[in-house]
Amino acid sequence: MRPAFTKEPLFKKGLKIRKQLLGSRYVEQRLDSADEYTWPFEELATKTAWGMVWSRPGLPRKVRSFLNLAALTAMNMRHELRLHIRSALRNGLTRKEIAEALLHCAIYCGYPKAVDALRLMREVFDEIDAGQRRGAAGKGKGR
């Protein structure tokens with residue numbers, strides 16, 4: 001069971017943004033699987049990253065997504081990068097803009113990290129396309 005503080009305004013605000021950007025299913029899965037050791041991290045991330053920083057008016061979400069792509073590429077954080085490529089699409093970045101951002105990272109983060117990031121980008125795009133094809137095929141079956 002989730003702690004009572006999940007009703008706090010900052011947590012609720014962060015949770016809403018986190019779900020918008022990362023997808024409700026992913027976020028709920030993270031929260032549902034949290035235990036006494038990992039729950040404090042989920043609380044911290046939801047309140048600070050999502051409730052305090054992503055909610056600020058100083059930068060549009062699209063710009064924040066560009067920054068995430070660059071930072072995660074620089075650190076070679078593959079799992080988080082995959083997640084934030086999807087998030088960037090939800091924030092309005094086009095596939096071309098994501099590719100350009102990762103190309104730009106080649107110069108400042110290094111070619112090997114950018115190559116890996118571009119490989120992940122392609123995998124994410126392929127997964128999204130495959131899911132859309134399956135969804136379209138499923139719609140035709142009921143008719």
# chains A, B, ... in the order shown; residues from 1 in each chain; ligands from 1
call {"tool": "residues_around", "arguments": {"residues": "Lys19 in chain A", "least_positions_apart": "3", "cutoff": "12 Å", "atoms": "only C-alpha atoms", "output": "PyMOL selection string"}}
result
chain A and resi 11-16+22-31+46+50-51+54+87+90
call {"tool": "residues_around", "arguments": {"residues": "range 75-78 of chain A", "least_positions_apart": "2", "cutoff": "12 Å", "atoms": "only C-alpha atoms", "output": "ChimeraX atom specification"}}
result
/A:68-73,80-85,102,105-106,108-121,123-124
call {"tool": "closest_residue", "arguments": {"among": "A:Arg134, A:Arg86, A:Lys139, A:His104", "to": "Arg122 in chain A", "atoms": "only C-alpha atoms"}}
result
A:Arg86
call {"tool": "select_by_dssp", "arguments": {"residues": "range 18-108 of chain A", "states": "alpha helix (DSSP H)", "output": "number ranges by chain"}}
result
A: 18-22, 24-33, 39-44, 61-75, 78-90, 95-108
call {"tool": "closest_residue", "arguments": {"among": "A:Leu21, A:Arg61, A:Leu67, A:Leu10", "to": "Glu43 in chain A", "atoms": "only C-alpha atoms"}}
result
A:Leu10
call {"tool": "atom_distance", "arguments": {"atom1": "CA of Pro60 in chain A", "atom2": "CA of Leu103 in chain A"}}
result
21.6 Å
call {"tool": "residues_around", "arguments": {"residues": "Phe66 in chain A", "least_positions_apart": "5", "cutoff": "8 Å", "atoms": "only C-alpha atoms", "output": "short mmCIF file (atom, residue, chain, number, x, y, z; two decimals) with C-alpha atoms, in the first residue's frame"}}
result
data_model
loop_
_atom_site.label_atom_id
_atom_site.label_comp_id
_atom_site.auth_asym_id
_atom_site.auth_seq_id
_atom_site.Cartn_x
_atom_site.Cartn_y
_atom_site.Cartn_z
CA ALA A 88 10.23 13.52 -25.91
CA ILE A 98 15.29 13.75 -31.67
CA ALA A 101 19.62 16.31 -30.94
#
